[in-house]
>>> print(open('work34.txt').read())   # compact mmCIF, C-alpha atoms and all ligand atoms
# COMPACT_ATOMS: atom_id res chain seq x y z
CA MET A 497 12.24 54.55 45.65
CA ASN A 498 13.13 50.86 45.56
CA ALA A 499 16.51 49.34 44.74
CA GLN A 500 15.54 48.67 41.12
CA THR A 501 14.45 52.25 40.38
CA ASP A 502 17.52 53.51 42.20
CA LEU A 503 19.70 51.41 39.95
CA VAL A 504 18.10 52.62 36.76
CA SER A 505 17.70 56.31 37.61
CA GLY A 506 19.64 58.36 35.07
CA SER A 507 19.03 55.67 32.42
CA ARG A 508 17.73 56.31 28.96
CA LEU A 509 13.95 56.17 28.81
CA SER A 510 13.95 53.37 26.21
CA GLN A 511 16.13 51.27 28.49
CA ARG A 512 13.97 51.92 31.54
CA LEU A 513 10.80 51.06 29.62
CA LYS A 514 12.25 47.75 28.49
CA THR A 515 13.60 46.82 31.93
CA GLU A 516 10.68 47.98 34.02
CA THR A 517 7.89 46.48 31.92
CA VAL A 518 9.54 43.14 31.24
CA GLN A 519 6.92 41.27 33.30
CA GLN A 520 4.10 42.90 31.35
CA HIS A 521 5.70 41.69 28.11
CA GLU A 522 6.02 38.22 29.58
CA ARG A 523 2.31 38.32 30.42
CA MET A 524 1.53 39.15 26.76
CA HIS A 525 3.38 36.00 25.73
CA GLU A 526 1.37 33.96 28.22
CA LEU A 527 -1.96 35.40 27.08
CA MET A 528 -1.07 34.87 23.43
CA ALA A 529 -0.02 31.28 24.14
CA GLN A 530 -3.31 30.66 25.98
CA GLY A 531 -5.39 32.34 23.28
CA ASN A 532 -3.66 30.40 20.50
CA PRO A 533 -4.74 32.95 17.85
CA PHE A 534 -3.28 31.01 14.93
CA ALA A 535 -5.26 27.84 15.64
CA ASP A 536 -7.83 28.78 12.98
CA LEU A 537 -9.25 31.86 11.24
CA GLY A 538 -11.96 32.35 13.87
CA SER A 539 -9.38 32.56 16.69
CA TYR A 540 -7.21 34.84 14.60
CA ALA A 541 -10.16 37.17 13.91
CA ARG A 542 -10.62 37.49 17.69
CA PHE A 543 -6.99 38.56 17.99
CA VAL A 544 -7.45 41.14 15.21
CA ALA A 545 -10.52 42.51 17.02
CA ALA A 546 -8.39 43.06 20.15
CA GLN A 547 -5.63 44.60 18.04
CA TYR A 548 -8.11 46.95 16.36
CA LEU A 549 -9.49 48.24 19.66
CA PHE A 550 -5.99 48.74 21.03
CA GLN A 551 -4.79 50.51 17.90
CA ARG A 552 -7.85 52.75 18.03
CA ASP A 553 -6.92 53.74 21.61
CA VAL A 554 -3.35 54.45 20.52
CA GLU A 555 -4.20 56.43 17.38
CA TYR A 556 -6.64 58.57 19.34
CA LEU A 557 -3.53 59.99 21.02
CA PHE A 558 -2.06 61.01 17.65
CA HIS A 559 -4.41 64.03 17.57
CA ASP A 560 -2.63 65.60 20.53
CA ALA A 561 -0.22 68.31 19.32
CA ALA A 562 2.21 67.58 22.17
CA VAL A 563 2.41 63.92 21.11
CA LYS A 564 3.01 64.95 17.49
CA LYS A 565 5.83 67.20 18.64
CA ALA A 566 7.46 64.38 20.63
CA VAL A 567 7.23 61.87 17.76
CA PRO A 568 7.69 63.73 14.47
CA ASP A 569 6.99 60.72 12.20
CA LEU A 570 3.73 59.86 13.96
CA GLU A 571 1.63 59.94 10.79
CA ALA A 572 3.47 56.91 9.42
CA ARG A 573 2.68 54.84 12.54
CA GLY A 574 -0.34 53.00 13.89
CA ARG A 575 -2.28 50.01 12.62
CA GLU A 576 -5.92 50.92 13.22
CA GLU A 577 -6.79 51.13 9.54
CA ALA A 578 -4.83 47.95 8.76
CA SER A 579 -6.70 46.08 11.51
CA LEU A 580 -10.05 47.31 10.19
CA ALA A 581 -9.17 46.15 6.67
CA ASP A 582 -8.10 42.77 8.09
CA LEU A 583 -11.42 42.39 9.91
CA ALA A 584 -13.18 43.06 6.60
CA ASP A 585 -10.96 40.50 4.80
CA LEU A 586 -11.87 37.96 7.45
CA GLY A 587 -15.57 38.76 7.29
CA ALA A 588 -15.48 39.60 10.99
CA ALA A 589 -17.61 42.26 12.68
CA VAL A 590 -16.01 45.49 13.90
CA PRO A 591 -15.99 45.21 17.71
CA GLN A 592 -17.51 47.97 19.83
CA SER A 593 -15.87 49.22 22.99
CA ALA A 594 -15.43 52.55 24.74
CA LEU A 595 -12.09 54.24 24.12
CA ALA A 596 -9.64 53.45 26.91
CA SER A 597 -7.19 56.28 26.21
CA GLU A 598 -9.49 59.27 26.57
CA GLY A 599 -7.88 61.90 28.79
CA VAL A 600 -4.38 60.45 28.37
CA GLY A 601 -1.85 63.15 27.47
CA MET A 602 1.89 63.67 27.45
CA PRO A 603 4.07 62.17 28.77
CA GLU A 604 1.95 59.07 29.56
CA ALA A 605 0.84 58.94 25.90
CA LEU A 606 4.39 58.05 24.94
CA GLY A 607 4.16 54.93 27.09
CA TRP A 608 1.08 53.85 25.12
CA LEU A 609 2.97 54.44 21.88
CA TYR A 610 5.93 52.49 23.23
CA VAL A 611 3.76 49.41 23.77
CA SER A 612 2.20 49.71 20.33
CA GLU A 613 5.45 50.41 18.49
CA GLY A 614 7.36 47.72 20.41
CA SER A 615 4.69 45.19 19.51
CA THR A 616 5.67 45.65 15.83
CA LEU A 617 8.92 43.83 16.69
CA GLY A 618 7.23 40.71 18.05
CA ALA A 619 4.74 41.00 15.19
CA ALA A 620 7.46 39.69 12.85
CA PHE A 621 6.96 36.27 14.46
CA LEU A 622 3.20 36.59 14.49
CA PHE A 623 3.17 37.61 10.82
CA LYS A 624 5.13 34.49 9.93
CA GLU A 625 2.60 32.31 11.77
CA ALA A 626 -0.34 34.07 10.08
CA ARG A 627 1.27 33.47 6.72
CA GLU A 628 2.38 29.90 7.24
CA ARG A 629 -0.53 28.58 9.28
CA LEU A 630 -3.43 30.61 7.93
CA GLY A 631 -2.28 31.66 4.44
CA LEU A 632 -2.67 35.38 5.19
CA SER A 633 -0.45 38.20 3.92
CA GLU A 634 0.38 41.89 4.15
CA THR A 635 -2.41 42.55 1.65
CA PHE A 636 -4.99 40.15 3.04
CA GLY A 637 -5.86 39.52 6.67
CA ALA A 638 -2.44 40.15 8.22
CA ARG A 639 -1.90 43.81 7.35
CA ASN A 640 -1.92 44.61 11.09
CA LEU A 641 1.17 42.44 11.61
CA ALA A 642 3.11 43.56 8.52
CA ALA A 643 6.25 45.70 8.77
CA TYR A 644 6.11 49.43 8.11
CA PRO A 645 7.40 50.32 4.61
CA GLN A 646 10.79 51.43 5.98
CA GLY A 647 11.20 48.10 7.81
CA ARG A 648 10.68 47.14 11.46
CA ALA A 649 14.21 47.91 12.65
CA MET A 650 14.42 51.38 11.07
CA ALA A 651 10.98 52.41 12.33
CA TRP A 652 11.86 51.16 15.83
CA ARG A 653 15.21 52.96 15.92
CA ALA A 654 13.56 56.24 14.93
CA PHE A 655 10.96 55.78 17.68
CA VAL A 656 13.63 54.99 20.28
CA ALA A 657 15.41 58.22 19.28
CA SER A 658 12.19 60.11 20.10
CA LEU A 659 11.98 58.34 23.48
CA ASP A 660 15.56 59.17 24.32
CA ALA A 661 15.28 62.88 23.55
CA PRO A 662 16.92 65.07 26.24
CA VAL A 663 13.55 66.64 27.05
CA LEU A 664 12.44 63.25 28.44
CA SER A 665 15.47 62.63 30.59
CA ASP A 666 14.24 63.56 34.05
CA THR A 667 13.21 60.70 36.30
CA ALA A 668 9.75 62.05 37.19
CA THR A 669 8.80 62.46 33.51
CA GLN A 670 10.13 59.00 32.72
CA ASP A 671 8.13 57.52 35.61
CA ARG A 672 4.97 58.93 34.00
CA VAL A 673 5.85 57.43 30.59
CA ILE A 674 6.37 54.07 32.29
CA ALA A 675 2.99 54.42 34.04
CA GLY A 676 1.48 55.03 30.58
CA ALA A 677 3.17 51.90 29.24
CA ASN A 678 1.79 49.87 32.13
CA ALA A 679 -1.71 51.21 31.46
CA ALA A 680 -1.38 50.30 27.77
CA TYR A 681 -0.15 46.79 28.56
CA ASP A 682 -3.05 46.40 31.01
CA ARG A 683 -5.47 47.48 28.27
CA PHE A 684 -4.09 45.05 25.70
CA GLY A 685 -4.04 42.30 28.32
CA SER A 686 -7.68 42.84 29.20
CA LEU A 687 -8.64 42.97 25.51
CA LEU A 688 -6.92 39.63 24.97
CA GLU A 689 -8.69 38.21 28.02
CA GLN A 690 -12.05 39.46 26.74
CA HIS A 691 -11.52 38.11 23.25
CA PHE A 692 -10.01 34.80 24.32
CA PRO A 693 -11.87 33.18 27.19
CA SER A 694 -9.59 31.35 29.65
CA PRO A 695 -9.29 27.55 29.21
CA ALA A 696 -11.53 27.07 32.28
CA GLU A 697 -14.22 29.36 30.82
CA SER A 698 -14.12 27.67 27.41
CA ARG A 699 -14.45 24.29 29.14
CA VAL A 700 -17.56 25.56 30.93
CA ALA A 701 -18.91 27.00 27.64
CA GLY A 702 -18.16 23.70 25.91
CA LEU A 703 -19.89 21.77 28.67
CA SER A 704 -23.01 23.90 28.55
CA GLU A 705 -23.13 23.61 24.76
CA ALA A 706 -22.84 19.84 25.10
CA HIS A 707 -25.52 19.92 27.80
CA GLU A 708 -27.85 21.98 25.58
CA ALA A 709 -27.21 19.63 22.66
CA ALA A 710 -28.15 16.65 24.86
CA LEU A 711 -31.51 18.20 25.83
C1 LIG B 1 3.54 35.96 21.38
C2 LIG B 1 3.56 37.23 21.10
C3 LIG B 1 4.81 38.07 21.12
C4 LIG B 1 6.10 37.75 20.79
C5 LIG B 1 6.62 36.43 20.29
C6 LIG B 1 6.89 38.92 21.02
C7 LIG B 1 8.24 39.00 20.79
C8 LIG B 1 8.99 40.13 20.88
C9 LIG B 1 10.36 40.25 20.48
C10 LIG B 1 11.21 39.14 19.89
C11 LIG B 1 10.75 41.51 20.74
C12 LIG B 1 12.12 42.12 20.45
C13 LIG B 1 12.95 42.05 21.69
C14 LIG B 1 14.30 42.68 21.47
O1 LIG B 1 14.66 43.02 20.36
O2 LIG B 1 14.97 42.88 22.47
C15 LIG B 1 9.62 42.19 21.30
C16 LIG B 1 9.64 43.47 21.72
C17 LIG B 1 8.53 44.12 22.24
N1 LIG B 1 7.25 43.63 22.34
FE1 LIG B 1 6.69 41.76 21.97
N2 LIG B 1 6.10 39.92 21.48
C18 LIG B 1 4.82 39.44 21.54
C19 LIG B 1 3.68 40.11 21.91
C20 LIG B 1 3.67 41.42 22.28
C21 LIG B 1 2.48 42.16 22.62
C22 LIG B 1 1.06 41.60 22.58
C23 LIG B 1 2.88 43.40 22.96
C24 LIG B 1 2.07 44.59 23.39
C25 LIG B 1 0.84 44.84 23.03
C26 LIG B 1 4.32 43.44 22.85
C27 LIG B 1 5.10 44.54 23.12
C28 LIG B 1 6.45 44.60 22.88
C29 LIG B 1 7.27 45.77 23.20
C30 LIG B 1 6.80 47.07 23.83
C31 LIG B 1 8.57 45.47 22.78
C32 LIG B 1 9.79 46.37 22.85
C33 LIG B 1 10.70 45.95 23.98
C34 LIG B 1 11.89 46.89 24.05
O3 LIG B 1 12.90 46.61 23.39
O4 LIG B 1 11.79 47.88 24.75
N3 LIG B 1 4.77 42.22 22.44
N4 LIG B 1 8.55 41.33 21.37
>>> encode(input="work34.txt", output="structure tokens")
Amino acid sequence: MNAQTDLVSGSRLSQRLKTETVQQHERMHELMAQGNPFADLGSYARFVAAQYLFQRDVEYLFHDAAVKKAVPDLEARGREEASLADLADLGAAVPQSALASEGVGMPEALGWLYVSEGSTLGAAFLFKEARERLGLSETFGARNLAAYPQGRAMAWRAFVASLDAPVLSDTATQDRVIAGANAAYDRFGSLLEQHFPSPAESRVAGLSEAHEAAL
């Protein structure tokens, strides 16, 4: 056990998740900044494709009775359908990819949900960009970034209450939820990387296109 875990042992799960995955969140910011999804509709559609595949992984976990028991308002959550509708609005193809969450159960599943539910908070900023820069809305193209009907803060508080239930208070269980959150962040990170080539790769692609055009 390192000094950091020692310090946080006995903490609420929500607090531990936030503290111990802070670098993963930072990485999301970096990948989003690199991907620049609001540059144009084509870039944005690539973001929605990544979001759809991630939401599909997350909602797959909703079928597990143990997950339903841990998060009673599960049915109201998830943005798979919204992402699919956005792809249709944008005229973009539905991406194909193997499920990444098969075999994930409780308590790790809660870590996946944490990443998805937490991302609805940052989505307030992304929604604003989609609206202002691309003219999208909660009924066209940006459904996946819109707030839940009860509002972002209320939905988040209810989810945090599920995370902080006494049944999830022992350190070993919490460690497994955090491992699940790390796996979910890794999945979203690799989806962003797949859908947004790095600047170096796009330069190479651009060069070969220019080369082909010159031939
Ligand atoms: C540029 C894109 C993003 C921005 C600007 C952003 C911004 C934010 C903001 C402002 C919060 C609220 C922090 C607070 O209230 O303390 C937040 C929370 C969170 N975000 Fe992001 N975010 C972004 C992308 C993402 C992505 C891609 C994911 C995961 C797929 C993600 C996962 C989370 C999680 C899990 C939380 C909850 C943190 C906690 O309080 O435990 N974010 N984000």
>>> closest_residue(input="work34.txt", among="A:Leu513, A:Glu634, A:Tyr540, A:Arg648", to="Thr616 in chain A", atoms="all atoms listed in the file")
A:Arg648
>>> residues_near_ligand(input="work34.txt", ligand="ligand LIG 1 (chain B)", cutoff="6 Å", atoms="only C-alpha atoms and all ligand atoms", output="ChimeraX atom specification")
/A:513-514,521,524-525,528,610-612,614-615,617-618,621,681,684
>>> write_last_selection(input="work34.txt", atoms="C-alpha atoms", output="compact mmCIF listing (two decimals), keeping the file's coordinate frame")
# COMPACT_ATOMS: atom_id res chain seq x y z
CA LEU A 513 10.80 51.06 29.62
CA LYS A 514 12.25 47.75 28.49
CA HIS A 521 5.70 41.69 28.11
CA MET A 524 1.53 39.15 26.76
CA HIS A 525 3.38 36.00 25.73
CA MET A 528 -1.07 34.87 23.43
CA TYR A 610 5.93 52.49 23.23
CA VAL A 611 3.76 49.41 23.77
CA SER A 612 2.20 49.71 20.33
CA GLY A 614 7.36 47.72 20.41
CA SER A 615 4.69 45.19 19.51
CA LEU A 617 8.92 43.83 16.69
CA GLY A 618 7.23 40.71 18.05
CA PHE A 621 6.96 36.27 14.46
CA TYR A 681 -0.15 46.79 28.56
CA PHE A 684 -4.09 45.05 25.70
>>> closest_residue(input="work34.txt", among="A:Ala529, A:Ala566, A:Asn678, A:Leu630", to="Ser694 in chain A", atoms="all atoms listed in the file")
A:Ala529
>>> closest_residue(input="work34.txt", among="A:Val544, A:Leu606, A:Val673, A:Leu570", to="Ala589 in chain A", atoms="only C-alpha atoms")
A:Val544
>>> atom_distance(input="work34.txt", atom1="CA of Arg629 in chain A", atom2="CA of Leu537 in chain A")
9.5 Å
>>> closest_residue(input="work34.txt", among="A:Ser597, A:Gln519, A:Ser658, A:Ser686", to="Glu555 in chain A", atoms="only C-alpha atoms")
A:Ser597
>>> residues_near_point(input="work34.txt", point="(9.4, 60.9, 32.7)", cutoff="10 Å", atoms="all atoms listed in the file", output="list in words")
Leu509, Met602, Pro603, Glu604, Leu606, Gly607, Leu659, Val663, Leu664, Ser665, Asp666, Thr667, Ala668, Thr669, Gln670, Asp671, Arg672, Val673, Ile674 and Ala675 of chain A
>>> atom_distance(input="work34.txt", atom1="CA of Glu598 in chain A", atom2="CA of Ala545 in chain A")
19.3 Å
>>> residues_around(input="work34.txt", residues="range 557-560 of chain A", least_positions_apart="4", cutoff="10 Å", atoms="only C-alpha atoms", output="mmCIF file with C-alpha atoms, keeping the file's coordinate frame")
data_model
loop_
_atom_site.group_PDB
_atom_site.id
_atom_site.type_symbol
_atom_site.label_atom_id
_atom_site.label_comp_id
_atom_site.auth_asym_id
_atom_site.auth_seq_id
_atom_site.Cartn_x
_atom_site.Cartn_y
_atom_site.Cartn_z
ATOM 1 C CA ARG A 552 -7.850 52.750 18.030
ATOM 2 C CA ASP A 553 -6.920 53.740 21.610
ATOM 3 C CA LYS A 564 3.010 64.950 17.490
ATOM 4 C CA LYS A 565 5.830 67.200 18.640
ATOM 5 C CA VAL A 567 7.230 61.870 17.760
ATOM 6 C CA LEU A 570 3.730 59.860 13.960
ATOM 7 C CA GLU A 571 1.630 59.940 10.790
ATOM 8 C CA ARG A 573 2.680 54.840 12.540
ATOM 9 C CA GLY A 574 -0.340 53.000 13.890
ATOM 10 C CA SER A 597 -7.190 56.280 26.210
ATOM 11 C CA GLU A 598 -9.490 59.270 26.570
ATOM 12 C CA GLY A 599 -7.880 61.900 28.790
ATOM 13 C CA VAL A 600 -4.380 60.450 28.370
ATOM 14 C CA GLY A 601 -1.850 63.150 27.470
ATOM 15 C CA MET A 602 1.890 63.670 27.450
ATOM 16 C CA ALA A 605 0.840 58.940 25.900
ATOM 17 C CA LEU A 606 4.390 58.050 24.940
ATOM 18 C CA TRP A 608 1.080 53.850 25.120
ATOM 19 C CA LEU A 609 2.970 54.440 21.880
#
>>> atom_distance(input="work34.txt", atom1="CA of Ala578 in chain A", atom2="CA of Arg639 in chain A")
5.3 Å
>>> closest_residue(input="work34.txt", among="A:Ala661, A:Ala680, A:Ala654, A:Ala626", to="Asp582 in chain A", atoms="all atoms listed in the file")
A:Ala626
>>> closest_residue(input="work34.txt", among="A:Gln530, A:Ala596, A:Glu613, A:Thr515", to="Met650 in chain A", atoms="all atoms listed in the file")
A:Glu613
>>> decode(input="work34.txt", residues="range 510-569 of chain A", atoms="C-alpha atoms", output="CSV table (one decimal), in the first residue's frame")
chain,number,residue,atom,x,y,z
A,510,SER,CA,-16.8,8.9,-4.6
A,511,GLN,CA,-13.9,10.8,-3.0
A,512,ARG,CA,-11.4,8.1,-3.7
A,513,LEU,CA,-12.6,7.7,-7.3
A,514,LYS,CA,-12.1,11.4,-7.9
A,515,THR,CA,-8.7,11.6,-6.2
A,516,GLU,CA,-7.3,8.4,-7.6
A,517,THR,CA,-8.3,8.8,-11.2
A,518,VAL,CA,-7.5,12.5,-11.5
A,519,GLN,CA,-4.6,11.8,-14.0
A,520,GLN,CA,-7.0,9.8,-16.2
A,521,HIS,CA,-9.4,12.7,-16.3
A,522,GLU,CA,-6.5,15.0,-17.2
A,523,ARG,CA,-5.6,12.6,-20.1
A,524,MET,CA,-9.2,12.9,-21.4
A,525,HIS,CA,-8.8,16.7,-21.5
A,526,GLU,CA,-5.5,16.3,-23.5
A,527,LEU,CA,-7.0,13.8,-25.9
A,528,MET,CA,-10.1,16.0,-26.5
A,529,ALA,CA,-7.9,19.1,-27.0
A,530,GLN,CA,-5.8,17.1,-29.5
A,531,GLY,CA,-8.8,15.7,-31.3
A,532,ASN,CA,-10.5,19.1,-31.5
A,533,PRO,CA,-14.0,17.6,-32.0
A,534,PHE,CA,-15.8,20.9,-32.5
A,535,ALA,CA,-13.6,22.0,-35.4
A,536,ASP,CA,-16.3,20.9,-37.9
A,537,LEU,CA,-19.1,18.4,-38.2
A,538,GLY,CA,-16.9,15.6,-39.5
A,539,SER,CA,-14.6,15.8,-36.4
A,540,TYR,CA,-17.6,16.0,-34.1
A,541,ALA,CA,-19.1,12.9,-35.8
A,542,ARG,CA,-15.9,11.0,-34.9
A,543,PHE,CA,-16.3,12.0,-31.3
A,544,VAL,CA,-19.9,10.8,-31.3
A,545,ALA,CA,-18.8,7.5,-32.8
A,546,ALA,CA,-16.4,7.0,-29.8
A,547,GLN,CA,-19.1,8.1,-27.4
A,548,TYR,CA,-21.5,5.6,-28.9
A,549,LEU,CA,-19.1,2.7,-28.5
A,550,PHE,CA,-18.3,3.7,-25.0
A,551,GLN,CA,-22.0,4.1,-24.0
A,552,ARG,CA,-22.7,0.7,-25.6
A,553,ASP,CA,-20.0,-0.9,-23.3
A,554,VAL,CA,-21.5,0.9,-20.3
A,555,GLU,CA,-25.1,0.1,-21.0
A,556,TYR,CA,-24.2,-3.6,-21.5
A,557,LEU,CA,-23.6,-3.6,-17.8
A,558,PHE,CA,-27.1,-2.4,-17.0
A,559,HIS,CA,-28.4,-5.9,-17.7
A,560,ASP,CA,-26.6,-7.3,-14.6
A,561,ALA,CA,-29.0,-7.6,-11.7
A,562,ALA,CA,-26.3,-6.8,-9.2
A,563,VAL,CA,-25.6,-3.5,-11.0
A,564,LYS,CA,-29.3,-2.7,-11.0
A,565,LYS,CA,-29.4,-3.3,-7.3
A,566,ALA,CA,-26.5,-1.0,-6.6
A,567,VAL,CA,-27.9,1.8,-8.8
A,568,PRO,CA,-31.7,1.9,-8.4
A,569,ASP,CA,-32.3,4.6,-11.1
